[in-house]
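First comes the structure, then the notes that go with it.
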Amino acid sequence: MNTLTTNPVAALLDRLFEQAAAAAAEMDSAVADLSDEEQARLIRSKTDYLDFYGRLKNAPLPISRETGVLLYMLARSCGARTIVEFGTSFGISTLHLAAALRDNGGGLLITSEFEPSKVTRARDNLTAGGLIDLVDIREGDALRTLSVDLPETVDLLLLDGAKALYPEILSLVESRLRPGALIIADNTDYSPEYLARVRSPANGYMSTPFGEDVELSMRIG
Ligand SMILES: C[S@@+](CC[C@H](N)C(=O)[O-])C[C@H]1O[C@@H](n2cnc3c(N)ncnc32)[C@H](O)[C@@H]1O
């Protein structure tokens, strides 16, 4: 028995994933006026991400169920006590990681989201899951909120905010990553600069694609 697969978290996640599937059409309509090329440009932009995600403020945009289970297992197996997350949204990935912290005996998860209504939803969901005591939700642009007050060492980093900012966010957290720390990045196809960095051992990482469009990396330096 563990926190992820028992209630209240298990039933809450079932409901949130169902709602996310139902909201997929809403997400499509929020960007329907943009051509595929413009959408791709916005996703890859280091400056226009506020506009893009602002349009998607009602969309949960969660990791897949499979990636959620992967996050929980990785956080458990590395005994994570300190976790940083870029991109909270409704808190679905956060629930998986916080459940792992609970089962590891406690710890701190710092997560970042600039859309105020999403911060409220995430806080409500983490409260309903009984995990809010483990989570520091930082409202605002992660380029700012994750630039201060990080734990001395970080065991696990999840990158799931604006894809073009993965290198910048990694730079903010890098000095805190302990040797063996894991970095999981979702949808890395949109961040070739990030992939080039973590796939070069000279930069202090080992890295491999894993699961559905996930890059799993480990700090070695
Ligand atoms: C793909 S969603 C995150 C989904 C979440 N990890 C989950 O699985 O439930 C990306 C989120 O990152 C937020 N975001 C994007 N860029 C950000 C930034 N620079 N600072 C803070 N939040 C950001 C967006 O508003 C959006 O809610």
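Here, A, B, ... name the chains of the structure tokens in the order displayed, residue numbers run from 1 inside each chain, and ligands are numbered from 1 in the same displayed order.
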Q: Can you pull out every residue within 7 Å of range 63-69 of chain A, counting only C-alpha atoms, but drop anything in the same chain fewer than 3 positions away, and send it as an MDAnalysis selection string?
A: chainID A and resid 72:73 93 96
Q.
Please find the residues contacting ligand 1 at a distance of at most 9 Å between atoms, with only C-alpha atoms and all ligand atoms counted, and report them as number ranges by chain.
A. A: 46, 49-50, 52-54, 56-64, 67-68, 85-95, 111-116, 118-119, 122, 138-146, 158-165, 169, 186-187
Can you pull out every residue within 10 Å of Leu134 in chain A, counting only C-alpha atoms, but drop anything in the same chain fewer than 2 positions away, and send it as an mmCIF file with all heavy atoms, in the first residue's frame?
data_model
loop_
_atom_site.group_PDB
_atom_site.id
_atom_site.type_symbol
_atom_site.label_atom_id
_atom_site.label_comp_id
_atom_site.auth_asym_id
_atom_site.auth_seq_id
_atom_site.Cartn_x
_atom_site.Cartn_y
_atom_site.Cartn_z
ATOM 1 N N ARG A 81 13.959 13.665 -1.042
ATOM 2 C CA ARG A 81 13.417 14.474 0.061
ATOM 3 C C ARG A 81 13.234 15.919 -0.363
ATOM 4 O O ARG A 81 12.524 16.669 0.288
ATOM 5 C CB ARG A 81 14.355 14.419 1.276
ATOM 6 C CG ARG A 81 14.464 13.044 1.922
ATOM 7 C CD ARG A 81 13.130 12.584 2.489
ATOM 8 N NE ARG A 81 13.286 11.392 3.308
ATOM 9 C CZ ARG A 81 12.914 11.304 4.582
ATOM 10 N NH1 ARG A 81 12.346 12.329 5.179
ATOM 11 N NH2 ARG A 81 13.100 10.198 5.249
ATOM 12 N N THR A 82 13.936 16.324 -1.431
ATOM 13 C CA THR A 82 13.811 17.695 -1.944
ATOM 14 C C THR A 82 13.596 17.625 -3.454
ATOM 15 O O THR A 82 14.388 17.031 -4.185
ATOM 16 C CB THR A 82 15.083 18.516 -1.648
ATOM 17 O OG1 THR A 82 16.222 17.763 -2.055
ATOM 18 C CG2 THR A 82 15.174 18.895 -0.187
ATOM 19 N N LEU A 97 4.454 13.467 -7.205
ATOM 20 C CA LEU A 97 5.753 13.680 -6.545
ATOM 21 C C LEU A 97 5.584 13.851 -5.039
ATOM 22 O O LEU A 97 6.395 13.351 -4.255
ATOM 23 C CB LEU A 97 6.433 14.911 -7.153
ATOM 24 C CG LEU A 97 6.888 14.727 -8.609
ATOM 25 C CD1 LEU A 97 7.308 16.065 -9.208
ATOM 26 C CD2 LEU A 97 8.035 13.721 -8.694
ATOM 27 N N ALA A 98 4.547 14.555 -4.641
ATOM 28 C CA ALA A 98 4.320 14.755 -3.202
ATOM 29 C C ALA A 98 3.939 13.432 -2.530
ATOM 30 O O ALA A 98 4.314 13.188 -1.373
ATOM 31 C CB ALA A 98 3.240 15.812 -2.979
ATOM 32 N N ALA A 99 3.219 12.580 -3.253
ATOM 33 C CA ALA A 99 2.894 11.250 -2.698
ATOM 34 C C ALA A 99 4.180 10.467 -2.444
ATOM 35 O O ALA A 99 4.321 9.771 -1.422
ATOM 36 C CB ALA A 99 1.976 10.492 -3.654
ATOM 37 N N LEU A 101 7.141 11.797 -1.819
ATOM 38 C CA LEU A 101 7.793 12.398 -0.644
ATOM 39 C C LEU A 101 7.178 11.849 0.641
ATOM 40 O O LEU A 101 7.879 11.509 1.593
ATOM 41 C CB LEU A 101 7.637 13.922 -0.651
ATOM 42 C CG LEU A 101 8.548 14.765 -1.537
ATOM 43 C CD1 LEU A 101 8.271 16.240 -1.280
ATOM 44 C CD2 LEU A 101 10.011 14.434 -1.318
ATOM 45 N N ARG A 102 5.840 11.805 0.658
ATOM 46 C CA ARG A 102 5.163 11.282 1.867
ATOM 47 C C ARG A 102 5.658 9.865 2.170
ATOM 48 O O ARG A 102 5.991 9.546 3.319
ATOM 49 C CB ARG A 102 3.639 11.268 1.636
ATOM 50 C CG ARG A 102 2.840 10.684 2.760
ATOM 51 C CD ARG A 102 2.744 11.621 3.973
ATOM 52 N NE ARG A 102 1.774 12.669 3.754
ATOM 53 C CZ ARG A 102 1.945 13.947 4.121
ATOM 54 N NH1 ARG A 102 3.029 14.312 4.751
ATOM 55 N NH2 ARG A 102 1.012 14.855 3.882
ATOM 56 N N GLY A 106 8.759 12.137 4.134
ATOM 57 C CA GLY A 106 8.572 13.588 4.225
ATOM 58 C C GLY A 106 9.598 14.327 3.387
ATOM 59 O O GLY A 106 10.487 13.724 2.788
ATOM 60 N N GLY A 107 9.464 15.650 3.340
ATOM 61 C CA GLY A 107 10.397 16.447 2.556
ATOM 62 C C GLY A 107 9.732 17.713 2.053
ATOM 63 O O GLY A 107 8.713 18.161 2.609
ATOM 64 N N LEU A 108 10.310 18.284 0.990
ATOM 65 C CA LEU A 108 9.803 19.550 0.457
ATOM 66 C C LEU A 108 9.783 19.496 -1.063
ATOM 67 O O LEU A 108 10.776 19.127 -1.697
ATOM 68 C CB LEU A 108 10.716 20.712 0.899
ATOM 69 C CG LEU A 108 10.394 22.084 0.284
ATOM 70 C CD1 LEU A 108 9.029 22.581 0.758
ATOM 71 C CD2 LEU A 108 11.494 23.091 0.631
ATOM 72 N N LEU A 109 8.635 19.885 -1.619
ATOM 73 C CA LEU A 109 8.492 20.019 -3.067
ATOM 74 C C LEU A 109 8.204 21.486 -3.377
ATOM 75 O O LEU A 109 7.185 22.019 -2.950
ATOM 76 C CB LEU A 109 7.338 19.125 -3.540
ATOM 77 C CG LEU A 109 7.193 18.802 -5.032
ATOM 78 C CD1 LEU A 109 6.071 17.792 -5.226
ATOM 79 C CD2 LEU A 109 6.970 19.983 -5.923
ATOM 80 N N ILE A 110 9.120 22.129 -4.094
ATOM 81 C CA ILE A 110 8.908 23.515 -4.525
ATOM 82 C C ILE A 110 8.416 23.467 -5.960
ATOM 83 O O ILE A 110 9.080 22.892 -6.837
ATOM 84 C CB ILE A 110 10.216 24.323 -4.437
ATOM 85 C CG1 ILE A 110 10.671 24.423 -2.992
ATOM 86 C CG2 ILE A 110 10.028 25.710 -5.054
ATOM 87 C CD1 ILE A 110 12.068 24.993 -2.822
ATOM 88 N N LEU A 126 -4.066 19.680 -3.958
ATOM 89 C CA LEU A 126 -3.087 19.139 -3.006
ATOM 90 C C LEU A 126 -3.668 19.072 -1.601
ATOM 91 O O LEU A 126 -3.343 18.163 -0.829
ATOM 92 C CB LEU A 126 -1.804 19.988 -3.034
ATOM 93 C CG LEU A 126 -1.001 19.740 -4.318
ATOM 94 C CD1 LEU A 126 -0.132 20.923 -4.677
ATOM 95 C CD2 LEU A 126 -0.156 18.468 -4.174
ATOM 96 N N GLY A 130 -4.413 15.658 0.693
ATOM 97 C CA GLY A 130 -3.750 15.561 1.999
ATOM 98 C C GLY A 130 -2.237 15.733 1.908
ATOM 99 O O GLY A 130 -1.484 15.232 2.752
ATOM 100 N N LEU A 131 -1.772 16.468 0.868
ATOM 101 C CA LEU A 131 -0.326 16.563 0.638
ATOM 102 C C LEU A 131 0.200 18.005 0.659
ATOM 103 O O LEU A 131 1.393 18.222 0.454
ATOM 104 C CB LEU A 131 0.011 15.910 -0.720
ATOM 105 C CG LEU A 131 -0.251 14.407 -0.794
ATOM 106 C CD1 LEU A 131 -0.194 13.911 -2.236
ATOM 107 C CD2 LEU A 131 0.755 13.640 0.071
ATOM 108 N N ILE A 132 -0.685 18.964 0.907
ATOM 109 C CA ILE A 132 -0.293 20.372 0.780
ATOM 110 C C ILE A 132 0.829 20.731 1.764
ATOM 111 O O ILE A 132 1.638 21.642 1.492
ATOM 112 C CB ILE A 132 -1.524 21.311 0.970
ATOM 113 C CG1 ILE A 132 -1.183 22.747 0.574
ATOM 114 C CG2 ILE A 132 -2.070 21.242 2.371
ATOM 115 C CD1 ILE A 132 -0.933 22.976 -0.874
ATOM 116 N N ASP A 136 5.474 23.750 -1.493
ATOM 117 C CA ASP A 136 5.590 25.208 -1.546
ATOM 118 C C ASP A 136 5.269 25.618 -2.982
ATOM 119 O O ASP A 136 6.086 25.402 -3.881
ATOM 120 C CB ASP A 136 7.035 25.590 -1.155
ATOM 121 C CG ASP A 136 7.352 27.067 -1.367
ATOM 122 O OD1 ASP A 136 6.436 27.850 -1.701
ATOM 123 O OD2 ASP A 136 8.541 27.428 -1.214
ATOM 124 N N ILE A 137 4.054 26.167 -3.199
ATOM 125 C CA ILE A 137 3.668 26.583 -4.549
ATOM 126 C C ILE A 137 4.094 28.037 -4.725
ATOM 127 O O ILE A 137 3.589 28.920 -4.032
ATOM 128 C CB ILE A 137 2.145 26.472 -4.786
ATOM 129 C CG1 ILE A 137 1.629 25.082 -4.427
ATOM 130 C CG2 ILE A 137 1.815 26.791 -6.247
ATOM 131 C CD1 ILE A 137 0.113 24.926 -4.610
#
**Q.** Selected residue of minimal separation from Ala100 in chain A among A:Leu170, A:Val214, A:Val84, A:Ala75, counting only C-alpha atoms
**A.** A:Ala75
Q: Select from range 113-196 of chain A everything DSSP, run on the backbone, classes as strand (DSSP E), then give the selection as number ranges by chain.
A: A: 113, 135-139, 154-159, 177-186
(Q) Neighbouring residues of range 11-19 of chain A were defined as those with any atom within 8 Å, considering only C-alpha atoms; residues of the same chain fewer than 3 positions away were excluded. Please report them as a PyMOL selection string. (A) chain A and resi 6-8+22-23+62+65+92+125+128-129
**Q.** Among listed residues A:Ser217, A:Leu71, A:Leu42, A:Asn2, nearest Leu195 in chain A (using only C-alpha atoms)
**A.** A:Ser217
Q: Assign secondary structure with DSSP using the backbone only, and return the residues of chain A in helix (DSSP H, G or I) as a VMD selection string.
A: chain A and resid 9 to 22 24 to 30 36 to 44 49 to 55 65 to 77 92 to 104 116 to 128 132 to 134 142 to 145 163 to 174 188 to 190 192 to 198 201 to 203
Q. CA of Gly105 in chain A and CA of Thr153 in chain A, how far apart in Å?
A. 16.9 Å
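The space separating CA of Asp149 in chain A from CA of Ser171 in chain A comes to 14.6 Å.
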